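Asks: This is the structure I want to talk about, given as structure tokens.
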Amino acid sequence: MVPIDEVYRRLRDVPEDGHWYLMSVLWQLDPAPPATKAPASLQRDVERVVEHIAAHWPQRAIFTGIRTLERLGEVTLNHDEPYVLAMISALGDRWDPEPRPTAIRADQELRESLLWRAFEVEGGGEVSLTNVDKYSHAGTGWADTLRTLAADGTLPRSRLLHECLRALSRDFSAYRAGFFAQLYTTLTPTKEELDQPRLIRLLSAPIPATVAFAVRHLTTVDKAGGLDDPAFVNGAGAALTVPAKNTPLAVLTLLTRIRTRHPALTPAVTELYALGLEHQHRDVQHRALTLLQALDARDPVAERLDLLEPTIAREATTWLQATTPPTPTTQTTPQPTPAPPEPTAAPGAAAGPRTHSTPAADLAHPSPVTAAVSGASVAAAVERSVDERVAALLAGETTPYEIELFLADVAAGRVSGDLKGPARKVLRRGDDGALRHQVAALVLGQAPTVRGDLLAERLAEVHAIATGKAEPRTLLATPTDAAGWIAPDVLVARLAHSASVGLEPLHHDLVAALLRIHPDGREIALRAASDLPGQAGAAVRYALGAATNTATTPNTTTPNTAAPNTAAPNTAAPNTDATPNTATTPNTAGTPNTAATPNAATPNTAAPKTAAASDAVAGGGEVVSGAGGVDVGQFLRAPIEPKTAAVWIAAARARAPLDDDPVLIAAGLDKPGQGQAASIALRVTVQEHQYKEGPHTRTVRWCEQDLRLHRWAADQPTVASSSQPDGGPDWILWAAQIWPHDAEVFCAAALEEMLWAAGTERAYSASATLDALAVHPGRMGPLAAGVLVAGMTAAEIGHRTRAAEAFAALVPDRLDPALVADAMVKLAHHATASRWASALRSSAASVAVLAGALPRLPRDHPGLHTLLTTLHEESVRAGKPPASPKTTPHEESVRAGTPLASPELRAWLEGFTGTTKAAKTARAILREQA
């Protein structure tokens, strides 16, 4: 042993290279306190030794001498990550098994605190637990030391097992994580010692070997009869994606045992079997297919045929064809090619009835906002005859625009009975919530089976027309483009036509039409709407932006006493386009028109109305200011009828969709989504529930939105609801078009299911929701960001693909990256980071999103390194010249900047220490920006 005083004397003789001398003697340092004062260079020399052995394995127990000097108070060192790596490197000897366990037994701080830091620092190069053990002689490694100390009680065995599992949950490399898996296994934990919740969480680990380790130990638990079956089913999905075939095959075996024990878990197990079809190895695909065939689960197989290896796909196709009865075909009478639409009549010419199924005037007004989206759909709709459209809808091609045109056809009496046979077959198949089921019911004159929201009520109104309970008509709410908008002048023309033939608007049809008024062209349409009668006409004018005669006071002006036109109503077939069908020459002068159409220029001078003045509020009278203003108070006298309230709420939400309406608020219609513009925040909470199942305590965790919203009236769809209406996934695209001005109300109802999609629940409407969001023309806010972010971490790859496409379409031009970042932070504990990282690739906007989100995540967030890698790759990509001259100005600004323009992000990146993947990537980003 070398006395410390002798070391000090030698250090004074070699003041410049003292650290090299120290490395040669520290492993044999005498622990007795020195009698002389330490040289001034000691602190510096010891720090240099620590720095060196943290990166280079000396194969000697040099660290024991460092701890001696520390415990004697001769030096004071920071217990940072280099210090921990120095301990890993040189606490023991490559050839001698005694120094390490002796040092741990003698040093309480080392035993109780510092030692456990070795489970947190990965290391690299020469220095890591794995590497030191790999090249040490048998019996002298770290694993031997830890097993020995656990066996004699120096170290608590339970903590050692626990820290191994914690280390495996970090983002260490597979090579260095292997040390902890091997140590845990060689400790041979009993069934009681196996920590099932942590092992189940490791099924989602990014390292395949770690997943395989977890599956092996959970299999041991299962053989002992103690597996937490529901928890395993909830966590097993990720394990089925491990590339090596043995792990997924073992998982499928466990799932089959669980299904045998718990038949109630069969649906969830079936979904996991289906995930096996998505594996890259044919043996896993074949095993999954065999299990699904045993359950006769054909749909999951049919949905994944294109993912299968050719031989497995052939086997699956043969099985599907053998087990699926062929659908009988129905011979229908060929439909004659429809005549081309007649040209629009010139002013003063007679307007004859049209025979084409599509309103020509509607198609002449595509929304400039959605022209690119609607063009193909509109063109396809024009090319179809009425029966062709019905046949397509019965076959499941239920696009919103086709549904709307179908309703217009039914309301106008243009749908024949030739397709009643196929309609009956659709009804016999069940699934009465599907949209094509509603189409079939209308074809057969049966009532819709879904009730409760605006779309269902509109179906009910059309059913009343189809069954003769209401007059045929031109619907007001049929959109003029595929995004759901109605050109303002077309709506005015339709309402004028309805008035000309003596038809009161259908309530839900009017509400739907008001909500769809396009922002462009309102001024011209308002001038044309000056003489539209009744409450409907006043509401349309108000929606178009007419001035209000009185803001808050009910109208006290004498109601309009002019009698309605007394000419006989027009009995010609309802016109199918937007031009009022009067069967006479339209009035083009300023003289009164004596036909059925109200005069569009001069007030009606017929005899005074003899009804009571109060009728003016309920049915027809209104007071219009000299400049075309609307006296809203005339219609909103208390008590306000529910239908009246709904009409004016719709008008207000069309007039200024995102602003408060003081007139409605003063009238008492002051709820969010009524007179008050709704502003909905994204707030979610991770919930946890424990329950007893025999001797076991089960824990279920899920994420749900805090805000619970309930809509109390189907005719007030701008009042947000946090639950989806009745119906299936094919209703989603149609529901998204109820109010094209704002996507937030739609997303409020969709968010809950998207959160299910990000967990273990099956979300049938998730893909449809993401498709609808990607093309929605309205405002995108916090809830739209929440739906998008939840979709990007969905369990099903199909949903994630849709979400990635929506991200590319919306961010940053339509959806603020800051909102997306905020949603990521709020959903972080419910998400899989690697899925986010994949969805954010190849988008310039991802840099801004990650720069806003990452500083608010903990540095040990699971899978964080994948997000950092995406930030690194995309920031490098953004720093290069644009690859295409079509780069948008926003993309140019993103490329011109750097993610480190945010001081919060820079500070967060600089806070990483150690040698984990996340820390290394953070340092790489900092170097890149430097």
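So you can find residues: chains in the structure tokens are A, B, ... in the order shown, residues in each start at 1, and ligands are numbered from 1 in order.
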For A:Ala529, please output as JSON, numbers by chain all residues within 8 Å (counting only C-alpha atoms; exclusion window: fewer than 5 positions along the same chain).

Replies: {"A": [492, 537, 540, 541]}

Asks: Could you write those residues out with all heavy atoms, as a PDB file, in the first residue's frame?

Replies:
```pdb
ATOM      1  N   VAL A 492     -80.464  32.594 -52.144  1.00  0.00           N
ATOM      2  CA  VAL A 492     -81.502  33.608 -52.303  1.00  0.00           C
ATOM      3  C   VAL A 492     -82.481  33.189 -53.394  1.00  0.00           C
ATOM      4  O   VAL A 492     -83.711  33.299 -53.240  1.00  0.00           O
ATOM      5  CB  VAL A 492     -80.864  34.978 -52.622  1.00  0.00           C
ATOM      6  CG1 VAL A 492     -81.935  35.994 -53.026  1.00  0.00           C
ATOM      7  CG2 VAL A 492     -80.077  35.489 -51.417  1.00  0.00           C
ATOM      8  N   GLY A 537     -86.747  34.946 -44.956  1.00  0.00           N
ATOM      9  CA  GLY A 537     -86.112  35.996 -45.735  1.00  0.00           C
ATOM     10  C   GLY A 537     -85.324  36.944 -44.858  1.00  0.00           C
ATOM     11  O   GLY A 537     -84.207  37.364 -45.204  1.00  0.00           O
ATOM     12  N   VAL A 540     -82.100  35.215 -43.732  1.00  0.00           N
ATOM     13  CA  VAL A 540     -81.107  35.166 -44.803  1.00  0.00           C
ATOM     14  C   VAL A 540     -80.440  36.525 -44.950  1.00  0.00           C
ATOM     15  O   VAL A 540     -79.212  36.626 -45.095  1.00  0.00           O
ATOM     16  CB  VAL A 540     -81.746  34.703 -46.114  1.00  0.00           C
ATOM     17  CG1 VAL A 540     -80.812  34.941 -47.297  1.00  0.00           C
ATOM     18  CG2 VAL A 540     -82.117  33.229 -46.023  1.00  0.00           C
ATOM     19  N   ARG A 541     -81.233  37.591 -44.936  1.00  0.00           N
ATOM     20  CA  ARG A 541     -80.637  38.924 -45.048  1.00  0.00           C
ATOM     21  C   ARG A 541     -79.703  39.210 -43.875  1.00  0.00           C
ATOM     22  O   ARG A 541     -78.631  39.792 -44.047  1.00  0.00           O
ATOM     23  CB  ARG A 541     -81.738  39.985 -45.145  1.00  0.00           C
ATOM     24  CG  ARG A 541     -82.439  40.011 -46.496  1.00  0.00           C
ATOM     25  CD  ARG A 541     -83.295  41.257 -46.664  1.00  0.00           C
ATOM     26  NE  ARG A 541     -84.433  41.264 -45.760  1.00  0.00           N
ATOM     27  CZ  ARG A 541     -85.581  40.632 -45.978  1.00  0.00           C
ATOM     28  NH1 ARG A 541     -85.736  39.916 -47.091  1.00  0.00           N
ATOM     29  NH2 ARG A 541     -86.573  40.706 -45.111  1.00  0.00           N
TER      30      ARG A 541
END
```

Asks: List the spatial neighbours of A:Val25 as an MDAnalysis selection string - criterion: any atom at most 9 Å away, only C-alpha atoms, same-chain residues fewer than 3 positions off excluded.

Replies: chainID A and resid 1:2 7 21:22 28:29 62 65

Asks: For N, CA, C and O atoms, I'd like the residues from the last selection saved as a PDB file, in the first residue's frame.

Replies:
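Here's the written file part-v3.pdb:
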```pdb
ATOM      1  N   MET A   1       0.850  -1.206   0.000  1.00  0.00           N
ATOM      2  CA  MET A   1       0.000   0.000   0.000  1.00  0.00           C
ATOM      3  C   MET A   1       0.882   1.252   0.000  1.00  0.00           C
ATOM      4  O   MET A   1       1.940   1.286   0.634  1.00  0.00           O
ATOM      5  N   VAL A   2       0.458   2.286  -0.692  1.00  0.00           N
ATOM      6  CA  VAL A   2       1.223   3.530  -0.802  1.00  0.00           C
ATOM      7  C   VAL A   2       0.594   4.566   0.116  1.00  0.00           C
ATOM      8  O   VAL A   2      -0.586   4.902  -0.039  1.00  0.00           O
ATOM      9  N   VAL A   7       2.419   9.997  -1.673  1.00  0.00           N
ATOM     10  CA  VAL A   7       1.805  10.460  -2.930  1.00  0.00           C
ATOM     11  C   VAL A   7       1.916  11.977  -3.025  1.00  0.00           C
ATOM     12  O   VAL A   7       2.263  12.531  -4.087  1.00  0.00           O
ATOM     13  N   TYR A  21       0.794  10.164 -12.718  1.00  0.00           N
ATOM     14  CA  TYR A  21       1.335   9.474 -11.541  1.00  0.00           C
ATOM     15  C   TYR A  21       0.203   8.961 -10.657  1.00  0.00           C
ATOM     16  O   TYR A  21       0.246   7.821 -10.157  1.00  0.00           O
ATOM     17  N   LEU A  22      -0.820   9.785 -10.443  1.00  0.00           N
ATOM     18  CA  LEU A  22      -1.930   9.359  -9.596  1.00  0.00           C
ATOM     19  C   LEU A  22      -2.580   8.079 -10.130  1.00  0.00           C
ATOM     20  O   LEU A  22      -2.936   7.185  -9.352  1.00  0.00           O
ATOM     21  N   GLN A  28      -3.737   1.371  -5.271  1.00  0.00           N
ATOM     22  CA  GLN A  28      -3.094   0.754  -4.120  1.00  0.00           C
ATOM     23  C   GLN A  28      -2.862   1.761  -2.986  1.00  0.00           C
ATOM     24  O   GLN A  28      -1.950   1.633  -2.177  1.00  0.00           O
ATOM     25  N   LEU A  29      -3.730   2.793  -2.917  1.00  0.00           N
ATOM     26  CA  LEU A  29      -3.580   3.866  -1.929  1.00  0.00           C
ATOM     27  C   LEU A  29      -3.960   3.372  -0.529  1.00  0.00           C
ATOM     28  O   LEU A  29      -4.983   2.712  -0.338  1.00  0.00           O
ATOM     29  N   ILE A  62      -8.802   2.044  -9.729  1.00  0.00           N
ATOM     30  CA  ILE A  62      -8.325   3.404  -9.446  1.00  0.00           C
ATOM     31  C   ILE A  62      -9.359   4.207  -8.673  1.00  0.00           C
ATOM     32  O   ILE A  62      -9.024   5.045  -7.832  1.00  0.00           O
ATOM     33  N   GLY A  65      -9.200   4.623  -4.805  1.00  0.00           N
ATOM     34  CA  GLY A  65      -8.331   5.663  -4.252  1.00  0.00           C
ATOM     35  C   GLY A  65      -8.982   7.031  -4.317  1.00  0.00           C
ATOM     36  O   GLY A  65      -8.817   7.867  -3.410  1.00  0.00           O
TER      37      GLY A  65
END
```

Asks: Quick one, how far is atom CA of A:Leu252 from atom CA of A:Gln280?

Replies: 15.0 Å

Asks: Restricting the calculation to only C-alpha atoms, which member of A:Ala239, A:Cys747, A:Leu669, A:Ala681 is positioned closest to A:Ala645?

Replies: A:Leu669

Asks: Using backbone DSSP assignments, extract all alpha helix (DSSP H) residues from stretch 8-92 of chain A; output them as a JSON list (two decimals) with N, CA and C atoms, in the first residue's frame.

Replies:
```json
[["chain", "number", "residue", "atom", "x", "y", "z"],
["A", 8, "TYR", "N", 1.65, 12.67, -1.92],
["A", 8, "TYR", "CA", 1.73, 14.13, -1.95],
["A", 8, "TYR", "C", 3.15, 14.61, -2.25],
["A", 9, "ARG", "N", 4.14, 13.92, -1.65],
["A", 9, "ARG", "CA", 5.52, 14.33, -1.90],
["A", 9, "ARG", "C", 5.87, 14.18, -3.36],
["A", 10, "ARG", "N", 5.44, 13.09, -3.97],
["A", 10, "ARG", "CA", 5.76, 12.86, -5.39],
["A", 10, "ARG", "C", 5.03, 13.87, -6.28],
["A", 11, "LEU", "N", 3.83, 14.24, -5.88],
["A", 11, "LEU", "CA", 3.08, 15.21, -6.69],
["A", 11, "LEU", "C", 3.76, 16.58, -6.70],
["A", 12, "ARG", "N", 4.37, 16.93, -5.58],
["A", 12, "ARG", "CA", 5.08, 18.21, -5.54],
["A", 12, "ARG", "C", 6.30, 18.19, -6.46],
["A", 13, "ASP", "N", 6.85, 17.01, -6.69],
["A", 13, "ASP", "CA", 8.03, 16.88, -7.56],
["A", 13, "ASP", "C", 7.65, 16.91, -9.04],
["A", 18, "GLY", "N", 0.99, 15.37, -12.83],
["A", 18, "GLY", "CA", 0.65, 14.62, -11.63],
["A", 18, "GLY", "C", -0.46, 13.61, -11.83],
["A", 19, "HIS", "N", -1.38, 13.87, -12.75],
["A", 19, "HIS", "CA", -2.51, 12.95, -12.92],
["A", 19, "HIS", "C", -2.05, 11.59, -13.45],
["A", 20, "TRP", "N", -0.98, 11.57, -14.25],
["A", 20, "TRP", "CA", -0.49, 10.28, -14.74],
["A", 20, "TRP", "C", 0.10, 9.48, -13.58],
["A", 21, "TYR", "N", 0.79, 10.16, -12.72],
["A", 21, "TYR", "CA", 1.34, 9.47, -11.54],
["A", 21, "TYR", "C", 0.20, 8.96, -10.66],
["A", 22, "LEU", "N", -0.82, 9.79, -10.44],
["A", 22, "LEU", "CA", -1.93, 9.36, -9.60],
["A", 22, "LEU", "C", -2.58, 8.08, -10.13],
["A", 23, "MET", "N", -2.75, 7.99, -11.43],
["A", 23, "MET", "CA", -3.39, 6.81, -12.01],
["A", 23, "MET", "C", -2.58, 5.54, -11.74],
["A", 24, "SER", "N", -1.30, 5.71, -11.53],
["A", 24, "SER", "CA", -0.46, 4.53, -11.28],
["A", 24, "SER", "C", -0.48, 4.07, -9.83],
["A", 25, "VAL", "N", -0.94, 4.94, -8.90],
["A", 25, "VAL", "CA", -0.87, 4.58, -7.48],
["A", 25, "VAL", "C", -2.22, 4.55, -6.77],
["A", 42, "LEU", "N", -3.56, 18.95, -6.31],
["A", 42, "LEU", "CA", -4.25, 17.68, -6.11],
["A", 42, "LEU", "C", -5.66, 17.70, -6.71],
["A", 43, "GLN", "N", -6.41, 18.75, -6.40],
["A", 43, "GLN", "CA", -7.78, 18.81, -6.91],
["A", 43, "GLN", "C", -7.80, 18.72, -8.43],
["A", 44, "ARG", "N", -6.93, 19.51, -9.07],
["A", 44, "ARG", "CA", -6.89, 19.49, -10.54],
["A", 44, "ARG", "C", -6.48, 18.12, -11.07],
["A", 45, "ASP", "N", -5.49, 17.50, -10.42],
["A", 45, "ASP", "CA", -5.00, 16.22, -10.92],
["A", 45, "ASP", "C", -6.05, 15.12, -10.76],
["A", 46, "VAL", "N", -6.77, 15.13, -9.66],
["A", 46, "VAL", "CA", -7.82, 14.11, -9.46],
["A", 46, "VAL", "C", -8.94, 14.31, -10.49],
["A", 47, "GLU", "N", -9.33, 15.56, -10.76],
["A", 47, "GLU", "CA", -10.35, 15.81, -11.77],
["A", 47, "GLU", "C", -9.91, 15.30, -13.13],
["A", 48, "ARG", "N", -8.63, 15.46, -13.45],
["A", 48, "ARG", "CA", -8.13, 14.94, -14.72],
["A", 48, "ARG", "C", -8.19, 13.41, -14.77],
["A", 49, "VAL", "N", -7.90, 12.79, -13.65],
["A", 49, "VAL", "CA", -7.99, 11.33, -13.59],
["A", 49, "VAL", "C", -9.44, 10.89, -13.84],
["A", 50, "VAL", "N", -10.39, 11.55, -13.17],
["A", 50, "VAL", "CA", -11.80, 11.20, -13.36],
["A", 50, "VAL", "C", -12.19, 11.35, -14.82],
["A", 51, "GLU", "N", -11.79, 12.45, -15.43],
["A", 51, "GLU", "CA", -12.11, 12.69, -16.83],
["A", 51, "GLU", "C", -11.55, 11.59, -17.73],
["A", 52, "HIS", "N", -10.33, 11.16, -17.43],
["A", 52, "HIS", "CA", -9.70, 10.15, -18.29],
["A", 52, "HIS", "C", -10.36, 8.79, -18.13],
["A", 53, "ILE", "N", -10.54, 8.34, -16.89],
["A", 53, "ILE", "CA", -11.07, 6.99, -16.71],
["A", 53, "ILE", "C", -12.57, 6.91, -17.01],
["A", 54, "ALA", "N", -13.25, 8.07, -17.12],
["A", 54, "ALA", "CA", -14.65, 8.05, -17.54],
["A", 54, "ALA", "C", -14.77, 7.63, -19.00],
["A", 55, "ALA", "N", -13.71, 7.83, -19.77],
["A", 55, "ALA", "CA", -13.74, 7.48, -21.19],
["A", 55, "ALA", "C", -12.85, 6.30, -21.54],
["A", 62, "ILE", "N", -8.80, 2.04, -9.73],
["A", 62, "ILE", "CA", -8.33, 3.40, -9.45],
["A", 62, "ILE", "C", -9.36, 4.21, -8.67],
["A", 63, "PHE", "N", -10.63, 3.95, -8.92],
["A", 63, "PHE", "CA", -11.68, 4.75, -8.29],
["A", 63, "PHE", "C", -11.71, 4.56, -6.78],
["A", 64, "THR", "N", -11.23, 3.43, -6.29],
["A", 64, "THR", "CA", -11.22, 3.24, -4.84],
["A", 64, "THR", "C", -10.33, 4.27, -4.16],
["A", 65, "GLY", "N", -9.20, 4.62, -4.80],
["A", 65, "GLY", "CA", -8.33, 5.66, -4.25],
["A", 65, "GLY", "C", -8.98, 7.03, -4.32],
["A", 66, "ILE", "N", -9.72, 7.29, -5.37],
["A", 66, "ILE", "CA", -10.44, 8.57, -5.48],
["A", 66, "ILE", "C", -11.46, 8.70, -4.36],
["A", 67, "ARG", "N", -12.19, 7.62, -4.09],
["A", 67, "ARG", "CA", -13.17, 7.67, -3.01],
["A", 67, "ARG", "C", -12.48, 7.86, -1.65],
["A", 68, "THR", "N", -11.28, 7.28, -1.49],
["A", 68, "THR", "CA", -10.55, 7.47, -0.24],
["A", 68, "THR", "C", -10.24, 8.95, -0.02],
["A", 69, "LEU", "N", -9.71, 9.62, -1.05],
["A", 69, "LEU", "CA", -9.39, 11.04, -0.92],
["A", 69, "LEU", "C", -10.64, 11.88, -0.68],
["A", 70, "GLU", "N", -11.75, 11.51, -1.32],
["A", 70, "GLU", "CA", -13.00, 12.24, -1.10],
["A", 70, "GLU", "C", -13.49, 12.09, 0.33],
["A", 71, "ARG", "N", -13.49, 10.88, 0.84],
["A", 71, "ARG", "CA", -14.03, 10.62, 2.18],
["A", 71, "ARG", "C", -13.17, 11.25, 3.27],
["A", 81, "GLU", "N", -22.20, 12.94, -14.37],
["A", 81, "GLU", "CA", -22.16, 11.70, -15.15],
["A", 81, "GLU", "C", -20.74, 11.21, -15.43],
["A", 82, "PRO", "N", -19.74, 12.09, -15.74],
["A", 82, "PRO", "CA", -18.37, 11.58, -15.85],
["A", 82, "PRO", "C", -17.89, 10.89, -14.57],
["A", 83, "TYR", "N", -18.30, 11.42, -13.43],
["A", 83, "TYR", "CA", -17.94, 10.78, -12.16],
["A", 83, "TYR", "C", -18.53, 9.37, -12.08],
["A", 84, "VAL", "N", -19.81, 9.24, -12.46],
["A", 84, "VAL", "CA", -20.45, 7.92, -12.42],
["A", 84, "VAL", "C", -19.76, 6.97, -13.40],
["A", 85, "LEU", "N", -19.43, 7.47, -14.58],
["A", 85, "LEU", "CA", -18.73, 6.62, -15.55],
["A", 85, "LEU", "C", -17.35, 6.22, -15.03],
["A", 86, "ALA", "N", -16.68, 7.12, -14.32],
["A", 86, "ALA", "CA", -15.39, 6.77, -13.72],
["A", 86, "ALA", "C", -15.56, 5.64, -12.70],
["A", 87, "MET", "N", -16.66, 5.68, -11.94],
["A", 87, "MET", "CA", -16.95, 4.61, -10.98],
["A", 87, "MET", "C", -17.17, 3.29, -11.70],
["A", 88, "ILE", "N", -17.98, 3.34, -12.78],
["A", 88, "ILE", "CA", -18.23, 2.12, -13.55],
["A", 88, "ILE", "C", -16.92, 1.56, -14.10],
["A", 89, "SER", "N", -16.07, 2.45, -14.56],
["A", 89, "SER", "CA", -14.83, 2.05, -15.22],
["A", 89, "SER", "C", -13.82, 1.45, -14.26],
["A", 90, "ALA", "N", -13.68, 2.05, -13.05],
["A", 90, "ALA", "CA", -12.50, 1.74, -12.25],
["A", 90, "ALA", "C", -12.77, 1.48, -10.78]]
```

Asks: As a PyMOL selection string, please: the residues near A:Ala750 (cut-off 12 Å, only C-alpha atoms, same-chain neighbours under 6 positions excluded).

Replies: chain A and resi 704-705+720-725+729+731-733+735-736+743-744+756-757+763-770+772-773+783-788+790-791

Asks: Keeping C-alpha atoms, export the residues of the selection given above as a PDB file, in the first residue's frame.

Replies:
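Printed below is selection30.pdb as written:
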```pdb
ATOM      1  CA  GLU A 704     -60.101  11.749 -21.698  1.00  0.00           C
ATOM      2  CA  GLN A 705     -60.989  15.354 -22.402  1.00  0.00           C
ATOM      3  CA  ALA A 720     -70.514  22.096 -29.339  1.00  0.00           C
ATOM      4  CA  SER A 721     -70.999  18.560 -28.095  1.00  0.00           C
ATOM      5  CA  SER A 722     -68.260  16.259 -26.820  1.00  0.00           C
ATOM      6  CA  SER A 723     -69.981  13.092 -28.050  1.00  0.00           C
ATOM      7  CA  GLN A 724     -70.487  11.740 -31.537  1.00  0.00           C
ATOM      8  CA  PRO A 725     -74.047  11.547 -32.913  1.00  0.00           C
ATOM      9  CA  PRO A 729     -68.068   6.218 -39.837  1.00  0.00           C
ATOM     10  CA  TRP A 731     -71.570   9.946 -41.437  1.00  0.00           C
ATOM     11  CA  ILE A 732     -68.362  11.690 -40.389  1.00  0.00           C
ATOM     12  CA  LEU A 733     -67.504  13.462 -43.652  1.00  0.00           C
ATOM     13  CA  ALA A 735     -71.205  15.833 -40.345  1.00  0.00           C
ATOM     14  CA  ALA A 736     -68.018  17.838 -40.901  1.00  0.00           C
ATOM     15  CA  ALA A 743     -63.811  22.875 -37.636  1.00  0.00           C
ATOM     16  CA  GLU A 744     -63.692  23.196 -33.843  1.00  0.00           C
ATOM     17  CA  TRP A 756     -59.400   5.955 -27.999  1.00  0.00           C
ATOM     18  CA  ALA A 757     -57.499   5.447 -31.236  1.00  0.00           C
ATOM     19  CA  ALA A 763     -61.784   3.643 -33.167  1.00  0.00           C
ATOM     20  CA  TYR A 764     -63.938   2.898 -36.176  1.00  0.00           C
ATOM     21  CA  SER A 765     -64.388   6.507 -37.257  1.00  0.00           C
ATOM     22  CA  ALA A 766     -60.812   7.730 -36.746  1.00  0.00           C
ATOM     23  CA  SER A 767     -59.715   7.562 -40.371  1.00  0.00           C
ATOM     24  CA  ALA A 768     -62.902   9.226 -41.589  1.00  0.00           C
ATOM     25  CA  THR A 769     -62.443  11.988 -38.997  1.00  0.00           C
ATOM     26  CA  LEU A 770     -58.883  12.670 -40.155  1.00  0.00           C
ATOM     27  CA  ALA A 772     -62.681  15.201 -42.996  1.00  0.00           C
ATOM     28  CA  LEU A 773     -60.304  17.384 -41.018  1.00  0.00           C
ATOM     29  CA  LEU A 783     -59.372  20.887 -30.797  1.00  0.00           C
ATOM     30  CA  ALA A 784     -58.354  20.404 -34.418  1.00  0.00           C
ATOM     31  CA  ALA A 785     -54.772  20.194 -33.195  1.00  0.00           C
ATOM     32  CA  GLY A 786     -55.817  17.672 -30.547  1.00  0.00           C
ATOM     33  CA  VAL A 787     -57.564  15.446 -33.083  1.00  0.00           C
ATOM     34  CA  LEU A 788     -54.565  15.604 -35.410  1.00  0.00           C
ATOM     35  CA  ALA A 790     -54.049  11.958 -31.307  1.00  0.00           C
ATOM     36  CA  GLY A 791     -54.309  10.562 -34.816  1.00  0.00           C
TER      37      GLY A 791
END
```

Asks: Tell me which protein, DNA and RNA residues are within 10 Å of A:Thr247, counting only C-alpha atoms, leaving out same-chain ones fewer than 3 positions away, and put them as a list in words.

Replies: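 Here the qualifying residues turn out to be Pro208, Ala209, Val211, Ala212, Phe213, Ala214, Val215, Arg216, Ala239, Leu240, Thr241, Val242, Pro243, Ala244, Ala250, Val251, Leu252, Thr253 and Val284 of chain A.
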
Asks: Choose the residue, out of A:Arg259, A:Ala650, A:Phe746, A:Asp228, that has the smallest atom-to-atom separation from A:Lys692; count only C-alpha atoms.

Replies: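 Looking at the shortest contact to A:Lys692, the residue is A:Asp228.
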
Asks: So that I can see what lies close to A:Pro657, please list as an NGL selection string the residues with an atom at most 10 Å from it, counting only C-alpha atoms and leaving out residues fewer than 5 positions away in the same chain.

Replies: :A and (515 or 519 or 543 or 650-652 or 673 or 675-678 or 718 or 739-742 or 778-779)

Asks: Using only C-alpha atoms, determine which residues lie at most 9 Å from A:Glu928, disregarding the query and same-chain residues fewer than 2 positions distant; provide the list as a PyMOL selection string.

Replies: chain A and resi 872+875-876+923-926+930
